[in-house]
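A.B. asks: run-v7.cif is the file, holding mmCIF, C-alpha atoms and all ligand atoms:
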```cif
data_run
loop_
_atom_site.label_atom_id
_atom_site.label_comp_id
_atom_site.auth_asym_id
_atom_site.auth_seq_id
_atom_site.Cartn_x
_atom_site.Cartn_y
_atom_site.Cartn_z
CA MET N 1 44.78 -97.69 -275.38
CA ARG N 2 46.24 -99.01 -272.11
CA PRO N 3 49.56 -97.12 -272.37
CA ALA N 4 47.85 -93.79 -273.01
CA LEU N 5 45.34 -94.32 -270.23
CA ALA N 6 48.07 -95.42 -267.86
CA GLY N 7 50.07 -92.30 -268.59
CA GLU N 8 47.11 -90.08 -267.83
CA ARG N 9 46.33 -92.01 -264.64
CA ALA N 10 49.94 -91.81 -263.51
CA HIS N 11 49.53 -88.03 -263.33
CA ARG N 12 46.33 -88.40 -261.35
CA ALA N 13 47.97 -90.89 -259.00
CA ARG N 14 50.87 -88.51 -258.42
CA ALA N 15 48.46 -85.72 -257.54
CA MET N 16 46.84 -88.05 -254.99
CA LEU N 17 50.12 -88.15 -253.07
CA ALA N 18 49.27 -84.67 -251.79
CA ASP N 19 46.64 -86.29 -249.59
CA CYS N 20 47.72 -89.90 -249.65
CA ARG N 21 44.97 -92.43 -249.16
CA LEU N 22 46.27 -95.04 -251.58
CA CYS N 23 46.03 -97.78 -249.01
CA ALA N 24 43.56 -98.45 -246.24
CA HIS N 25 45.78 -96.85 -243.61
CA ASP N 26 44.23 -93.70 -245.05
CA CYS N 27 47.02 -91.45 -243.71
CA GLY N 28 46.05 -88.27 -245.53
CA VAL N 29 49.65 -87.02 -245.50
CA ASN N 30 51.19 -84.83 -248.20
CA ARG N 31 53.92 -87.01 -249.62
CA LEU N 32 54.69 -84.41 -252.28
CA ALA N 33 55.68 -82.02 -249.48
CA GLY N 34 57.89 -84.54 -247.73
CA GLU N 35 55.40 -85.88 -245.22
CA THR N 36 55.29 -89.62 -244.72
CA GLY N 37 52.64 -91.99 -243.51
CA LEU N 38 52.83 -95.48 -242.09
CA CYS N 39 54.62 -96.85 -245.17
CA HIS N 40 57.34 -94.18 -244.81
CA ALA N 41 57.39 -93.71 -248.60
CA GLY N 42 57.92 -90.25 -250.00
CA ALA N 43 57.08 -88.95 -253.44
CA GLY N 44 59.84 -90.90 -255.17
CA THR N 45 60.05 -94.60 -255.87
CA ARG N 46 62.92 -97.01 -255.45
CA PHE N 47 63.19 -100.68 -256.37
CA PHE N 48 65.24 -103.47 -254.82
CA SER N 49 64.92 -106.14 -257.49
CA ALA N 50 64.22 -106.32 -261.22
CA GLN N 51 64.92 -109.63 -262.89
CA ALA N 52 63.47 -112.64 -264.63
CA GLU N 53 61.99 -115.01 -262.06
CA VAL N 54 60.65 -118.56 -262.18
CA SER N 55 59.39 -119.14 -258.64
CA ASP N 56 55.85 -117.83 -259.06
CA GLU N 57 52.71 -119.57 -260.36
CA LEU N 58 53.44 -121.84 -263.33
CA GLU N 59 51.02 -120.00 -265.59
CA LEU N 60 52.87 -116.73 -264.99
CA ILE N 61 56.50 -117.70 -265.37
CA PRO N 62 59.04 -116.83 -266.56
CA THR N 63 58.14 -113.34 -265.43
CA PHE N 64 60.10 -110.12 -265.44
CA ALA N 65 59.47 -108.98 -261.88
CA VAL N 66 60.01 -105.45 -260.61
CA ALA N 67 59.95 -105.09 -256.82
CA PHE N 68 59.39 -101.63 -255.37
CA SER N 69 60.90 -100.76 -252.01
CA GLY N 70 58.58 -100.13 -249.06
CA CYS N 71 55.29 -101.52 -247.86
CA ASP N 72 52.25 -100.45 -245.90
CA LEU N 73 52.16 -103.68 -243.90
CA ARG N 74 54.72 -104.84 -241.34
CA CYS N 75 54.61 -108.60 -241.61
CA ASP N 76 57.19 -109.86 -239.14
CA PHE N 77 57.75 -113.00 -241.24
CA CYS N 78 58.37 -111.15 -244.53
CA ILE N 79 61.05 -112.93 -246.58
CA THR N 80 62.18 -109.59 -248.05
CA GLY N 81 61.64 -107.62 -244.87
CA ALA N 82 64.80 -105.52 -245.02
CA GLU N 83 63.80 -104.08 -248.37
CA SER N 84 60.05 -104.31 -248.04
CA TRP N 85 60.01 -102.31 -244.82
CA ASN N 86 62.43 -99.71 -246.14
CA SER N 87 61.19 -97.43 -248.90
CA ARG N 88 64.73 -96.04 -249.21
CA ALA N 89 66.25 -99.42 -250.07
CA GLY N 90 67.58 -100.21 -253.52
CA LEU N 91 67.91 -97.91 -256.49
CA GLY N 92 65.92 -94.99 -257.85
CA PHE N 93 63.21 -96.11 -260.25
CA ASP N 94 63.37 -94.83 -263.83
CA ALA N 95 60.20 -96.00 -265.58
CA ALA N 96 61.57 -95.62 -269.10
CA ALA N 97 64.77 -97.49 -268.34
CA MET N 98 62.85 -100.26 -266.58
CA ALA N 99 60.37 -100.55 -269.44
CA ALA N 100 63.29 -101.01 -271.83
CA ARG N 101 64.60 -103.83 -269.62
CA ALA N 102 61.14 -105.39 -269.52
CA LYS N 103 60.91 -105.27 -273.30
CA VAL N 104 64.22 -107.09 -273.62
CA ALA N 105 63.04 -109.70 -271.12
CA LEU N 106 59.88 -110.28 -273.15
CA GLU N 107 61.94 -110.67 -276.30
CA ASN N 108 64.07 -113.22 -274.46
CA GLY N 109 61.15 -115.38 -273.39
CA ALA N 110 59.47 -113.80 -270.39
CA ARG N 111 55.71 -114.48 -270.57
CA THR N 112 54.63 -111.78 -268.18
CA ILE N 113 55.70 -108.61 -266.42
CA MET N 114 55.04 -108.51 -262.69
CA VAL N 115 54.91 -105.41 -260.52
CA LEU N 116 55.32 -106.10 -256.82
CA GLY N 117 57.04 -104.89 -253.67
CA GLY N 118 57.14 -104.43 -250.83
CA GLU N 119 53.77 -103.24 -251.94
CA PRO N 120 53.25 -101.59 -255.32
CA THR N 121 50.06 -99.77 -254.30
CA ILE N 122 52.07 -97.27 -252.26
CA HIS N 123 53.97 -96.49 -255.48
CA LEU N 124 50.96 -96.27 -257.75
CA PRO N 125 52.22 -93.25 -259.75
CA ALA N 126 55.45 -95.04 -260.69
CA ALA N 127 53.64 -98.30 -261.39
CA LEU N 128 51.24 -96.61 -263.80
CA GLU N 129 54.02 -94.70 -265.50
CA PHE N 130 55.77 -98.04 -266.01
CA VAL N 131 52.60 -99.54 -267.48
CA SER N 132 52.37 -96.61 -269.89
CA LEU N 133 55.77 -97.49 -271.30
CA VAL N 134 55.78 -101.28 -271.57
CA PRO N 135 54.45 -102.96 -274.73
CA ALA N 136 50.66 -102.70 -274.90
CA THR N 137 50.34 -106.42 -275.59
CA ALA N 138 52.36 -107.51 -272.55
CA ARG N 139 50.58 -109.61 -269.95
CA LEU N 140 50.84 -107.59 -266.75
CA ILE N 141 50.61 -108.95 -263.22
CA TRP N 142 49.78 -106.85 -260.15
CA LYS N 143 51.22 -108.64 -257.11
CA THR N 144 49.58 -107.04 -254.11
CA ASN N 145 48.73 -107.36 -250.43
CA ALA N 146 45.16 -106.34 -251.33
CA HIS N 147 45.15 -103.47 -248.85
CA GLY N 148 44.40 -100.67 -251.32
CA THR N 149 41.51 -98.22 -251.30
CA ALA N 150 38.71 -97.66 -253.77
CA PRO N 151 40.42 -94.58 -255.29
CA ALA N 152 43.59 -96.59 -255.87
CA ARG N 153 41.62 -99.44 -257.41
CA ALA N 154 39.82 -97.03 -259.73
CA LEU N 155 43.17 -96.02 -261.21
CA LEU N 156 44.18 -99.67 -261.55
CA ASP N 157 41.04 -100.68 -263.41
CA GLY N 158 42.04 -102.17 -266.76
CA MET N 159 45.77 -101.71 -266.16
CA PHE N 160 46.77 -105.22 -265.12
CA ASP N 161 45.62 -108.50 -266.61
CA VAL N 162 46.03 -110.51 -263.44
CA TRP N 163 45.80 -109.57 -259.77
CA LEU N 164 47.99 -111.89 -257.75
CA ALA N 165 46.72 -111.09 -254.30
CA ASP N 166 47.67 -112.25 -250.82
CA PHE N 167 45.06 -113.21 -248.26
CA LYS N 168 47.42 -113.70 -245.35
CA PHE N 169 45.31 -113.66 -242.20
CA GLY N 170 41.92 -115.07 -241.44
CA ASN N 171 41.18 -112.74 -238.54
CA ASP N 172 42.01 -109.23 -237.46
CA ASP N 173 43.79 -110.21 -234.24
CA CYS N 174 46.47 -112.20 -236.06
CA ALA N 175 46.79 -109.41 -238.67
CA GLN N 176 47.30 -106.80 -235.97
CA ARG N 177 49.77 -108.91 -234.01
CA LEU N 178 51.85 -110.16 -236.95
CA ALA N 179 51.57 -107.29 -239.47
CA LYS N 180 50.42 -104.29 -237.41
CA VAL N 181 47.41 -103.73 -239.61
CA PRO N 182 43.88 -103.07 -238.29
CA ASN N 183 40.63 -104.09 -239.95
CA TYR N 184 42.55 -106.38 -242.26
CA VAL N 185 39.98 -108.98 -243.19
CA CYS N 186 37.31 -106.55 -244.34
CA VAL N 187 39.75 -104.58 -246.51
CA VAL N 188 41.21 -107.64 -248.18
CA ARG N 189 37.83 -109.16 -248.88
CA GLU N 190 36.71 -105.90 -250.51
CA ASN N 191 39.81 -105.86 -252.71
CA LEU N 192 39.48 -109.48 -253.73
CA LEU N 193 35.83 -109.11 -254.68
CA TRP N 194 36.72 -106.06 -256.76
CA ALA N 195 39.65 -107.81 -258.41
CA ARG N 196 37.50 -110.77 -259.37
CA GLU N 197 35.14 -108.41 -261.20
CA HIS N 198 37.81 -106.36 -262.93
CA SER N 199 40.62 -108.75 -263.85
CA GLU N 200 41.82 -112.29 -263.57
CA LEU N 201 42.46 -113.13 -259.95
CA ILE N 202 44.84 -115.53 -258.28
CA VAL N 203 44.78 -115.65 -254.48
CA ARG N 204 47.79 -116.67 -252.47
CA HIS N 205 47.76 -117.89 -248.91
CA LEU N 206 50.97 -118.65 -247.08
CA LEU N 207 50.32 -121.28 -244.48
CA MET N 208 51.92 -120.40 -241.16
CA PRO N 209 52.72 -122.75 -238.27
CA GLY N 210 50.05 -122.53 -235.62
CA HIS N 211 47.69 -120.61 -237.91
CA VAL N 212 45.87 -123.30 -239.84
CA GLU N 213 42.68 -123.03 -237.81
CA CYS N 214 42.71 -119.31 -236.99
CA CYS N 215 43.89 -118.05 -240.39
CA TRP N 216 43.69 -120.65 -243.12
CA ARG N 217 40.29 -122.07 -242.20
CA PRO N 218 38.39 -118.73 -242.29
CA VAL N 219 40.19 -117.72 -245.49
CA ALA N 220 39.34 -121.04 -247.12
CA GLU N 221 35.71 -120.95 -246.04
CA TRP N 222 35.25 -117.37 -247.24
CA LEU N 223 36.86 -118.10 -250.62
CA SER N 224 34.66 -121.12 -251.02
CA GLU N 225 31.52 -119.13 -250.33
CA TYR N 226 32.25 -115.76 -251.95
CA LEU N 227 34.84 -116.47 -254.65
CA PRO N 228 33.94 -119.99 -255.81
CA GLY N 229 36.28 -121.25 -258.50
CA VAL N 230 38.96 -118.65 -257.84
CA LYS N 231 42.47 -119.86 -258.47
CA LEU N 232 44.31 -120.42 -255.22
CA ASN N 233 47.97 -120.98 -254.56
CA LEU N 234 48.26 -122.51 -251.10
CA ARG N 235 51.89 -122.18 -250.13
CA ALA N 236 53.45 -124.49 -247.58
CA GLY N 237 57.03 -123.22 -247.71
CA PHE N 238 56.96 -121.01 -244.62
CA TRP N 239 60.28 -120.43 -242.94
CA PRO N 240 60.98 -118.14 -239.99
CA ALA N 241 62.37 -115.13 -241.84
CA TRP N 242 63.04 -111.53 -240.78
CA GLN N 243 61.45 -110.81 -237.39
CA ALA N 244 59.49 -114.07 -237.09
CA ARG N 245 61.47 -114.84 -233.93
CA ARG N 246 59.29 -112.29 -232.15
CA HIS N 247 56.47 -114.80 -232.23
CA GLY N 248 56.91 -118.18 -230.61
CA GLU N 249 54.70 -120.10 -232.99
CA LEU N 250 56.57 -118.74 -236.04
CA GLN N 251 60.00 -119.97 -234.96
CA LYS N 252 59.66 -123.16 -236.94
CA SER N 253 58.40 -124.53 -240.21
CA LEU N 254 55.04 -126.20 -240.74
CA SER N 255 54.48 -129.71 -239.49
CA VAL N 256 53.42 -132.46 -241.87
CA LYS N 257 50.19 -132.73 -239.89
CA GLU N 258 49.42 -129.04 -240.46
CA VAL N 259 50.14 -129.23 -244.17
CA ASP N 260 47.95 -132.32 -244.53
CA ALA N 261 45.13 -130.66 -242.61
CA ALA N 262 45.36 -127.48 -244.69
CA PHE N 263 45.28 -129.23 -248.04
CA GLY N 264 42.61 -131.57 -246.76
CA LEU N 265 40.41 -128.58 -245.98
CA ALA N 266 41.08 -127.13 -249.44
CA HIS N 267 39.96 -130.38 -251.07
CA GLU N 268 36.98 -130.70 -248.76
CA LEU N 269 35.80 -127.21 -249.78
CA GLY N 270 36.48 -127.84 -253.48
CA LEU N 271 38.99 -125.01 -253.82
CA ASP N 272 40.80 -124.67 -257.13
CA LEU N 273 44.42 -125.19 -256.14
CA ILE N 274 47.08 -124.24 -258.66
CA PRO N 275 50.83 -124.84 -258.63
S1 LIG K 301 50.36 -95.42 -249.12
FE1 LIG K 301 49.11 -95.96 -247.33
S2 LIG K 301 50.58 -96.03 -245.61
FE2 LIG K 301 51.57 -94.90 -247.28
S3 LIG K 301 51.11 -92.73 -246.83
FE3 LIG K 301 49.55 -93.48 -248.29
S4 LIG K 301 47.81 -94.15 -247.02
FE4 LIG K 301 49.64 -93.98 -245.68
#
```
Before anything else, please render the file you have as structure tokens.

C.D. replies:
Amino acid sequence: MRPALAGERAHRARAMLADCRLCAHDCGVNRLAGETGLCHAGAGTRFFSAQAEVSDELELIPTFAVAFSGCDLRCDFCITGAESWNSRAGLGFDAAAMAARAKVALENGARTIMVLGGEPTIHLPAALEFVSLVPATARLIWKTNAHGTAPARALLDGMFDVWLADFKFGNDDCAQRLAKVPNYVCVVRENLLWAREHSELIVRHLLMPGHVECCWRPVAEWLSEYLPGVKLNLRAGFWPAWQARRHGELQKSLSVKEVDAAFGLAHELGLDLIP
């Protein structure tokens, strides 16, 4: 069922590239004709990593993770910024060849298959083609920045077992300054609420130095009120990667005091923290 549906949706997703509104930047460019929007991705898809990984949530690993090149956000602290900002990085994506590699990984002990980026939403046609070719029983993870649109989500409905979604910023000013994305909070909330209804959902928040009160607190309070019981991975391993030096407060790691305060708030609100 899922493979056949995914194959049909892959065609529909490819047609949508003629007026691309896959993410909330809503560019409306014709990627099939060589135009590019804010993600700079064309009609083709490249990937910069495809391997078994063990650094994600315990319930998901080992996972066979496929990372597409390019992203619609511009997070200055991205740990894979060189590839995630560059849709031309890496190798050309062949869905059949990658599905064969995923199948071998599953046979060798991988518990899940994860599709990520960069951001996979900007490569929705390739992602769905990949889903159409992997074993129907595989547990599939959609690792996303939660910045997609309703039409993109409609094509994703029923395709992935788990949405592993970032909620990075608790306010639009920080999102604009650090990731050059407007109206961030509203879009992410909409995606998370949808994902909760249509799949399993795990939310990730990367704590950032100087952003516990402005970002983590509003994220935590919203999750507590609107997504009670959602699984949350609160990550304290920030390091000043990529272009983080552009922002004074990001030129360091988190203090012990900040980490204690962040986890204290999570416990106070009764959030369901997972490793
Ligand atoms: S995926 Fe998003 S950023 Fe890229 S062209 Fe489409 S709407 Fe624009």

A.B. asks: Measuring between all atoms listed in the file, which one of N:Arg21, N:Thr36, N:Ala127, N:Gly44 shows the shortest distance to Val66 in chain N?

C.D. replies: N:Ala127

A.B. asks: Kindly compile the residues surrounding ligand LIG 301 (chain K) within 7 Å, counting only C-alpha atoms and all ligand atoms, and format them as an NGL selection string.

C.D. replies: :N and (20-29 or 31 or 36-41 or 72 or 121-122)

A.B. asks: Between N:Trp242, N:His247, N:Ala18, N:Pro209, which residue has the minimum interatomic distance to Ser84 in chain N, considering all atoms listed in the file?

C.D. replies: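 So, comparing all the options, the nearest one is N:Trp242.
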
A.B. asks: Would you mind reading off the distance between CA of Met1 in chain N and CA of Ile113 in chain N, one decimal, in Å?

C.D. replies: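 So the two atoms, CA of Met1 in chain N and CA of Ile113 in chain N, lie 17.9 Å apart.
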
A.B. asks: Contacts of Val181 in chain N at 12 Å or less, counting only C-alpha atoms, minus same-chain residues fewer than 3 places along, as a list in words?

C.D. replies: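 Those residues are Cys23, Ala24, His25, Asp26, Leu38, Cys39, Cys71, Asp72, Leu73, Arg74, Cys75, Asp76, Asn145, His147, Lys168, Phe169, Asn171, Asp172, Asp173, Cys174, Ala175, Gln176, Arg177, Leu178, Tyr184, Val185, Cys186, Val187 and Val188 of chain N.
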
A.B. asks: Measuring between all atoms listed in the file, which one of N:Ala150, N:Ala138, N:Met98, N:Ala236 shows the shortest distance to Thr112 in chain N?

C.D. replies: N:Ala138

A.B. asks: Hey, can you check how far CA of Glu221 in chain N sits from CA of Ala154 in chain N?

C.D. replies: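 According to the coordinates, CA of Glu221 in chain N and CA of Ala154 in chain N are separated by 27.9 Å.
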